[in-house]
>>> print(open('run14.csv').read())   # CSV, C-alpha atoms
chain,number,residue,atom,x,y,z
G,101,MET,CA,-23.9,-4.9,5.9
G,102,LYS,CA,-21.2,-5.1,8.7
G,103,ASN,CA,-22.0,-3.8,12.1
G,104,LYS,CA,-19.6,-1.5,14.0
G,105,LYS,CA,-18.0,-4.4,15.9
G,106,GLU,CA,-17.3,-6.3,12.7
G,107,ILE,CA,-15.9,-3.1,11.0
G,108,LYS,CA,-13.6,-2.5,14.0
G,109,LYS,CA,-12.4,-6.1,13.9
G,110,THR,CA,-11.7,-5.9,10.2
G,111,GLY,CA,-9.8,-2.7,10.8
G,112,ASN,CA,-7.7,-4.3,13.5
G,113,ILE,CA,-6.9,-7.3,11.4
G,114,ARG,CA,-5.9,-5.0,8.6
G,115,ALA,CA,-3.7,-2.9,10.8
G,116,LEU,CA,-2.0,-6.0,12.4
G,117,SER,CA,-1.4,-7.6,9.0
G,118,GLN,CA,0.1,-4.4,7.6
G,119,HIS,CA,2.3,-3.9,10.7
G,120,LYS,CA,3.5,-7.6,10.4
G,121,ILE,CA,4.3,-7.0,6.7
G,122,LEU,CA,6.3,-3.8,7.4
G,123,ILE,CA,8.3,-5.5,10.1
G,124,ALA,CA,9.2,-8.4,7.8
G,125,ALA,CA,9.9,-6.0,4.9
G,126,SER,CA,12.2,-3.9,7.1
G,127,THR,CA,14.3,-6.9,7.8
G,128,GLU,CA,14.4,-8.0,4.2
G,129,PHE,CA,15.4,-4.6,2.9
G,130,VAL,CA,18.2,-4.4,5.4
G,131,LEU,CA,19.5,-7.9,4.6
G,132,GLN,CA,18.9,-7.8,0.8
G,133,GLY,CA,18.7,-4.2,-0.1
G,134,TYR,CA,15.9,-2.8,-2.2
G,135,LYS,CA,16.9,-4.6,-5.4
G,136,GLY,CA,17.5,-7.9,-3.7
G,137,ALA,CA,14.4,-8.1,-1.6
G,138,THR,CA,11.3,-9.6,-3.3
G,139,VAL,CA,7.6,-9.6,-2.5
G,140,GLN,CA,7.9,-13.4,-2.0
G,141,SER,CA,10.8,-13.1,0.4
G,142,ILE,CA,8.8,-10.6,2.4
G,143,ALA,CA,5.8,-12.8,2.4
G,144,ASP,CA,7.9,-15.8,3.6
G,145,ARG,CA,9.4,-13.8,6.4
G,146,ALA,CA,5.9,-12.5,7.4
G,147,SER,CA,4.5,-16.0,7.2
G,148,LEU,CA,1.7,-14.7,4.9
G,149,PRO,CA,0.7,-15.7,1.4
G,150,LYS,CA,2.2,-13.5,-1.3
G,151,ALA,CA,-1.4,-12.6,-2.4
G,152,ASN,CA,-2.0,-11.0,1.1
G,153,ILE,CA,1.1,-8.8,0.7
G,154,LEU,CA,-0.1,-7.6,-2.8
G,155,TYR,CA,-3.6,-7.0,-1.5
G,156,TYR,CA,-2.4,-4.4,0.9
G,157,PHE,CA,0.5,-2.9,-1.0
G,158,LYS,CA,0.2,-3.8,-4.7
G,159,ASN,CA,4.0,-4.0,-5.4
G,160,LYS,CA,7.4,-3.9,-3.8
G,161,GLU,CA,7.9,-0.2,-4.4
G,162,ASN,CA,4.7,0.6,-2.4
G,163,ILE,CA,6.0,-1.6,0.5
G,164,TYR,CA,9.3,0.2,0.5
G,165,HIS,CA,7.6,3.6,0.5
G,166,ALA,CA,5.4,2.4,3.4
G,167,VAL,CA,8.5,1.3,5.4
G,168,LEU,CA,10.2,4.7,4.9
G,169,GLU,CA,7.0,6.6,5.8
G,170,HIS,CA,6.6,4.5,8.9
G,171,THR,CA,10.2,5.2,9.9
G,172,LEU,CA,9.8,8.9,9.4
G,173,GLN,CA,6.4,9.0,11.2
G,174,MET,CA,7.9,7.1,14.1
G,175,TRP,CA,10.9,9.5,14.5
G,176,ASP,CA,8.5,12.4,14.3
G,177,GLU,CA,6.2,11.1,17.0
G,178,GLY,CA,9.2,10.0,19.2
G,179,ILE,CA,10.9,13.4,19.1
G,180,GLY,CA,7.7,15.4,19.2
G,181,ASP,CA,8.1,19.2,18.9
G,182,ILE,CA,10.8,21.4,20.4
G,183,ASN,CA,9.3,24.6,21.8
G,184,PRO,CA,10.9,27.9,22.7
G,185,GLU,CA,9.7,27.6,26.3
G,186,ASP,CA,11.5,24.3,26.7
G,187,GLY,CA,14.9,26.0,26.7
G,188,PRO,CA,18.0,24.6,25.0
G,189,LYS,CA,19.0,22.2,27.7
G,190,ALA,CA,15.7,20.4,27.9
G,191,ALA,CA,15.3,20.5,24.2
G,192,ILE,CA,18.7,18.8,23.5
G,193,GLU,CA,18.1,16.2,26.3
G,194,LYS,CA,14.7,15.3,24.8
G,195,PHE,CA,16.1,15.2,21.3
G,196,ILE,CA,19.0,12.9,22.2
G,197,GLU,CA,17.0,10.5,24.4
G,198,ALA,CA,14.3,10.0,21.8
G,199,LYS,CA,16.7,9.3,19.0
G,200,VAL,CA,18.9,6.9,21.0
G,201,ARG,CA,15.8,4.9,22.2
G,202,MET,CA,14.5,4.6,18.6
G,203,SER,CA,18.0,3.6,17.3
G,204,PHE,CA,18.1,0.7,19.9
G,205,LYS,CA,14.5,-0.3,19.6
G,206,HIS,CA,14.1,0.0,15.8
G,207,PRO,CA,17.6,-0.4,14.3
G,208,GLU,CA,16.3,-1.8,11.0
G,209,SER,CA,14.4,1.4,10.3
G,210,SER,CA,17.5,3.5,10.9
G,211,LYS,CA,19.6,1.3,8.6
G,212,ILE,CA,17.0,1.4,5.8
G,213,TYR,CA,16.8,5.2,6.0
G,214,ALA,CA,20.6,5.5,6.0
G,215,MET,CA,20.9,3.1,3.0
G,216,GLU,CA,18.3,5.2,1.1
G,217,ILE,CA,20.2,8.4,1.7
G,218,ILE,CA,23.5,6.9,0.7
G,219,GLN,CA,22.0,5.7,-2.5
G,220,GLY,CA,20.8,9.1,-3.4
G,221,ALA,CA,17.5,9.4,-1.7
G,222,GLN,CA,15.6,8.4,-4.8
G,223,HIS,CA,12.4,7.7,-2.8
G,224,LEU,CA,12.9,10.5,-0.3
G,225,LYS,CA,13.9,13.5,-2.4
G,226,ASP,CA,10.6,15.3,-2.0
G,227,PHE,CA,10.6,14.7,1.7
G,228,ALA,CA,14.2,15.9,2.1
G,229,ARG,CA,13.5,19.1,0.0
G,230,THR,CA,10.2,20.0,1.8
G,231,TYR,CA,9.5,18.7,5.2
G,232,GLN,CA,13.0,17.8,6.4
G,233,ARG,CA,14.6,21.0,5.2
G,234,LYS,CA,11.8,23.0,6.8
G,235,TRP,CA,12.1,21.1,10.1
G,236,VAL,CA,15.9,21.7,10.3
G,237,ARG,CA,15.5,25.3,9.3
G,238,GLU,CA,12.9,25.9,12.0
G,239,LYS,CA,14.9,24.2,14.7
G,240,ALA,CA,18.1,25.9,13.7
G,241,GLN,CA,16.4,29.2,14.0
G,242,LEU,CA,15.2,28.3,17.5
G,243,PHE,CA,18.7,27.3,18.6
G,244,GLN,CA,20.0,30.6,17.1
G,245,GLN,CA,17.4,32.4,19.2
G,246,TRP,CA,18.6,30.8,22.4
G,247,ILE,CA,22.2,31.6,21.3
G,248,ASP,CA,21.3,35.3,20.7
G,249,ASN,CA,19.6,35.4,24.1
G,250,GLY,CA,22.8,34.1,25.7
G,251,GLU,CA,21.2,30.9,26.9
G,252,MET,CA,23.8,28.7,25.2
G,253,ARG,CA,27.2,28.8,23.6
G,254,ASP,CA,27.5,30.2,20.1
G,255,VAL,CA,27.6,27.0,18.0
G,256,ASN,CA,26.4,26.4,14.5
G,257,PRO,CA,22.8,25.3,15.0
G,258,THR,CA,22.5,23.2,11.8
G,259,HIS,CA,25.7,21.3,12.5
G,260,LEU,CA,24.5,20.7,16.0
G,261,ILE,CA,21.4,19.0,14.6
G,262,PHE,CA,23.6,17.0,12.2
G,263,LEU,CA,25.8,15.9,15.2
G,264,ILE,CA,22.8,14.7,17.2
G,265,TRP,CA,21.4,12.8,14.2
G,266,SER,CA,24.7,11.1,13.4
G,267,ALA,CA,25.8,10.3,17.0
G,268,THR,CA,22.4,8.8,17.9
G,269,GLN,CA,21.9,6.8,14.7
G,270,HIS,CA,25.4,5.4,14.7
G,271,TYR,CA,24.4,2.8,17.3
G,272,ALA,CA,21.8,1.4,14.8
G,273,ASP,CA,23.5,1.9,11.5
G,274,PHE,CA,26.9,0.5,12.7
G,275,GLU,CA,25.4,-2.0,15.1
G,276,THR,CA,27.5,-4.9,13.7
G,277,GLN,CA,30.8,-3.0,14.0
G,278,ILE,CA,30.1,-1.8,17.5
G,279,LEU,CA,29.1,-5.2,18.8
G,280,THR,CA,32.2,-6.8,17.1
G,281,ILE,CA,34.5,-4.3,18.7
G,282,MET,CA,32.8,-4.7,22.1
G,283,ASN,CA,33.0,-8.5,21.7
G,284,ARG,CA,29.2,-8.8,22.3
G,285,ALA,CA,26.4,-10.7,20.6
G,286,ASP,CA,23.8,-8.1,21.3
G,287,TYR,CA,23.1,-4.8,23.1
G,288,GLU,CA,22.0,-4.9,26.7
G,289,ASP,CA,19.3,-2.9,28.4
G,290,GLU,CA,21.8,-0.7,30.3
G,291,ASP,CA,23.6,0.2,27.0
G,292,VAL,CA,20.7,2.5,26.1
G,293,GLU,CA,20.9,4.5,29.4
G,294,ASP,CA,24.7,4.6,29.1
G,295,VAL,CA,24.6,6.0,25.6
G,296,ILE,CA,21.9,8.6,26.5
G,297,ALA,CA,23.9,9.8,29.5
G,298,PHE,CA,27.2,9.9,27.6
G,299,LEU,CA,26.0,11.7,24.5
G,300,THR,CA,23.8,14.1,26.5
G,301,ASP,CA,26.7,15.0,28.8
G,302,MET,CA,29.2,15.6,25.9
G,303,ILE,CA,26.8,17.6,23.7
G,304,LEU,CA,25.5,19.7,26.6
G,305,ARG,CA,29.1,20.5,27.6
G,306,GLY,CA,29.9,21.5,24.0
G,307,CYS,CA,26.9,23.9,24.1
G,308,GLY,CA,27.9,25.4,27.4
G,309,LEU,CA,24.8,23.9,29.1
G,310,HIS,CA,26.2,21.4,31.6
>>> encode(input="run14.csv", output="structure tokens")
Amino acid sequence: MKNKKEIKKTGNIRALSQHKILIAASTEFVLQGYKGATVQSIADRASLPKANILYYFKNKENIYHAVLEHTLQMWDEGIGDINPEDGPKAAIEKFIEAKVRMSFKHPESSKIYAMEIIQGAQHLKDFARTYQRKWVREKAQLFQQWIDNGEMRDVNPTHLIFLIWSATQHYADFETQILTIMNRADYEDEDVEDVIAFLTDMILRGCGLH
């Protein structure tokens, strides 16, 4: 029987291997799409035997689901919760900063999510109909409460959330287009702060919160 130290070590190895697989899979799904990516190509990119990939995830569909779940969990944790006591200005600033940082740090995750939605959200329909719809409805109601209290301009709360999503994820989803237009090979560290400052200023002004 394994002792606690051995169990912990095994758990760490498993977690590290799964993380490595998900990173490799994210890249493959972005480059090849769901249909084009294969378990073997993911294994090659992760520098692991194909058998190891199948041991953890059984098949390509399970890997894809895990990548999507990891993306959604990461966004959830990054944004955290928006509370009434935060007030609209602090809530919008927090929302924008979290989404911009994730777009720059994990562009593959955003691209995979965008591709999934464009292709009809076959693997995310339940999520979109339940959790995501509920999340948007709750946050829209909170923004409406601030509007009714005269704490911010009367804007459509749902469209405000859509605007923040689209503006922040644009830098990940259209990375190639942006870098080509800017004649750059890659984003630089100061770009993150510049984008956060620009979007925050523009959106706060539109909400009468500047």
>>> closest_residue(input="run14.csv", among="G:Gln269, G:Asn283, G:Gln277, G:Gln244", to="Val200 of chain G", atoms="all atoms listed in the file")
G:Gln269
>>> atom_distance(input="run14.csv", atom1="atom CA of Gly250 of chain G", atom2="atom CA of Ala191 of chain G")
15.6 Å
>>> closest_residue(input="run14.csv", among="G:Leu263, G:Leu309, G:Leu154, G:Ile196", to="Gln140 of chain G", atoms="all atoms listed in the file")
G:Leu154
>>> closest_atom_pairs(input="run14.csv", of="segment 182-216 of chain G", to="segment 112-133 of chain G", cutoff="10 Å", atoms="all atoms listed in the file", output="tab-separated table")
residue	atom	partner	partner_atom	distance
G:His206	CA	G:Ser126	CA	9.7
G:Pro207	CA	G:Ser126	CA	9.7
G:Glu208	CA	G:Ser126	CA	6.0
G:Ser209	CA	G:Ser126	CA	6.6
G:Ser210	CA	G:Val130	CA	9.7
G:Lys211	CA	G:Val130	CA	6.7
G:Ile212	CA	G:Val130	CA	5.9
G:Tyr213	CA	G:Val130	CA	9.7
G:Met215	CA	G:Gly133	CA	8.2
G:Glu216	CA	G:Gly133	CA	9.5
>>> atom_distance(input="run14.csv", atom1="atom CA of Asn152 of chain G", atom2="atom CA of Lys135 of chain G")
21.0 Å
>>> atom_distance(input="run14.csv", atom1="atom CA of Val292 of chain G", atom2="atom CA of Arg201 of chain G")
6.7 Å
>>> closest_residue(input="run14.csv", among="G:Ala151, G:Glu193, G:Ile218, G:Pro188", to="Met302 of chain G", atoms="all atoms listed in the file")
G:Glu193
>>> closest_residue(input="run14.csv", among="G:Asp248, G:Asp291, G:Gln232, G:Val167", to="Ile278 of chain G", atoms="all atoms listed in the file")
G:Asp291
>>> closest_residue(input="run14.csv", among="G:Lys199, G:Gln222, G:His310, G:Arg237", to="His270 of chain G", atoms="only C-alpha atoms")
G:Lys199
>>> residues_around(input="run14.csv", residues="Asn183 of chain G", least_positions_apart="3", cutoff="12 Å", atoms="all atoms listed in the file", output="compact mmCIF listing (two decimals) with C-alpha atoms, in the coordinates of the input")
# COMPACT_ATOMS: atom_id res chain seq x y z
CA ILE G 179 10.90 13.40 19.10
CA GLY G 180 7.70 15.40 19.20
CA ASP G 186 11.50 24.30 26.70
CA GLY G 187 14.90 26.00 26.70
CA PRO G 188 18.00 24.60 25.00
CA LYS G 189 19.00 22.20 27.70
CA ALA G 190 15.70 20.40 27.90
CA ALA G 191 15.30 20.50 24.20
CA ILE G 192 18.70 18.80 23.50
CA LYS G 194 14.70 15.30 24.80
CA PHE G 195 16.10 15.20 21.30
CA GLU G 238 12.90 25.90 12.00
CA LYS G 239 14.90 24.20 14.70
CA GLN G 241 16.40 29.20 14.00
CA LEU G 242 15.20 28.30 17.50
CA PHE G 243 18.70 27.30 18.60
CA GLN G 245 17.40 32.40 19.20
CA TRP G 246 18.60 30.80 22.40
>>> residues_around(input="run14.csv", residues="Leu299 of chain G", least_positions_apart="6", cutoff="9 Å", atoms="all atoms listed in the file", output="count of residues only")
4
>>> closest_residue(input="run14.csv", among="G:Ile153, G:Ile281, G:Ala143, G:Ala198", to="Val295 of chain G", atoms="all atoms listed in the file")
G:Ala198
>>> build_atoms(input="run14.csv", residues="segment 173-206 of chain G", atoms="N, CA and C atoms", output="compact mmCIF listing (two decimals), keeping the file's coordinate frame")
# COMPACT_ATOMS: atom_id res chain seq x y z
N GLN G 173 7.56 8.74 10.32
CA GLN G 173 6.40 9.00 11.20
C GLN G 173 6.82 8.67 12.66
N MET G 174 7.49 7.53 12.82
CA MET G 174 7.90 7.10 14.10
C MET G 174 8.91 8.02 14.77
N TRP G 175 9.87 8.49 13.99
CA TRP G 175 10.90 9.50 14.50
C TRP G 175 10.18 10.76 14.88
N ASP G 176 9.25 11.18 14.02
CA ASP G 176 8.50 12.40 14.30
C ASP G 176 7.76 12.37 15.59
N GLU G 177 7.05 11.28 15.79
CA GLU G 177 6.20 11.10 17.00
C GLU G 177 7.13 10.97 18.23
N GLY G 178 8.26 10.27 18.06
CA GLY G 178 9.20 10.00 19.20
C GLY G 178 9.80 11.31 19.68
N ILE G 179 10.25 12.15 18.74
CA ILE G 179 10.90 13.40 19.10
C ILE G 179 9.90 14.45 19.53
N GLY G 180 8.73 14.43 18.85
CA GLY G 180 7.70 15.40 19.20
C GLY G 180 8.21 16.81 18.71
N ASP G 181 7.70 17.83 19.33
CA ASP G 181 8.10 19.20 18.90
C ASP G 181 9.04 19.77 19.95
N ILE G 182 9.90 20.65 19.49
CA ILE G 182 10.80 21.40 20.40
C ILE G 182 10.32 22.81 20.43
N ASN G 183 9.94 23.25 21.61
CA ASN G 183 9.30 24.60 21.80
C ASN G 183 10.27 25.56 22.43
N PRO G 184 10.09 26.85 22.15
CA PRO G 184 10.90 27.90 22.70
C PRO G 184 10.95 27.87 24.26
N GLU G 185 9.79 27.57 24.85
CA GLU G 185 9.70 27.60 26.30
C GLU G 185 10.43 26.42 26.97
N ASP G 186 10.80 25.40 26.19
CA ASP G 186 11.50 24.30 26.70
C ASP G 186 12.93 24.69 27.20
N GLY G 187 13.51 25.64 26.48
CA GLY G 187 14.90 26.00 26.70
C GLY G 187 15.85 25.06 26.06
N PRO G 188 17.08 25.47 25.76
CA PRO G 188 18.00 24.60 25.00
C PRO G 188 18.40 23.33 25.70
N LYS G 189 18.60 23.36 27.01
CA LYS G 189 19.00 22.20 27.70
C LYS G 189 17.98 21.06 27.65
N ALA G 190 16.74 21.42 27.97
CA ALA G 190 15.70 20.40 27.90
C ALA G 190 15.41 19.93 26.52
N ALA G 191 15.50 20.84 25.55
CA ALA G 191 15.30 20.50 24.20
C ALA G 191 16.31 19.46 23.67
N ILE G 192 17.58 19.71 23.97
CA ILE G 192 18.70 18.80 23.50
C ILE G 192 18.54 17.46 24.26
N GLU G 193 18.24 17.48 25.54
CA GLU G 193 18.10 16.20 26.30
C GLU G 193 16.95 15.38 25.69
N LYS G 194 15.84 16.01 25.38
CA LYS G 194 14.70 15.30 24.80
C LYS G 194 15.02 14.75 23.43
N PHE G 195 15.69 15.56 22.62
CA PHE G 195 16.10 15.20 21.30
C PHE G 195 16.99 13.94 21.30
N ILE G 196 18.03 13.99 22.11
CA ILE G 196 19.00 12.90 22.20
C ILE G 196 18.35 11.62 22.71
N GLU G 197 17.60 11.73 23.78
CA GLU G 197 17.00 10.50 24.40
C GLU G 197 16.04 9.84 23.39
N ALA G 198 15.21 10.63 22.72
CA ALA G 198 14.30 10.00 21.80
C ALA G 198 14.96 9.33 20.64
N LYS G 199 16.01 9.96 20.09
CA LYS G 199 16.70 9.30 19.00
C LYS G 199 17.50 8.12 19.37
N VAL G 200 18.10 8.13 20.54
CA VAL G 200 18.90 6.90 21.00
C VAL G 200 17.90 5.78 21.22
N ARG G 201 16.79 6.02 21.89
CA ARG G 201 15.80 4.90 22.20
C ARG G 201 15.29 4.33 20.88
N MET G 202 15.04 5.16 19.88
CA MET G 202 14.50 4.60 18.60
C MET G 202 15.62 3.85 17.87
N SER G 203 16.87 4.27 17.99
CA SER G 203 18.00 3.60 17.30
C SER G 203 18.13 2.15 17.91
N PHE G 204 17.99 2.04 19.22
CA PHE G 204 18.10 0.70 19.90
C PHE G 204 16.90 -0.14 19.67
N LYS G 205 15.73 0.47 19.66
CA LYS G 205 14.50 -0.30 19.60
C LYS G 205 14.15 -0.67 18.13
N HIS G 206 14.49 0.21 17.18
CA HIS G 206 14.10 0.00 15.80
C HIS G 206 15.38 0.18 14.87
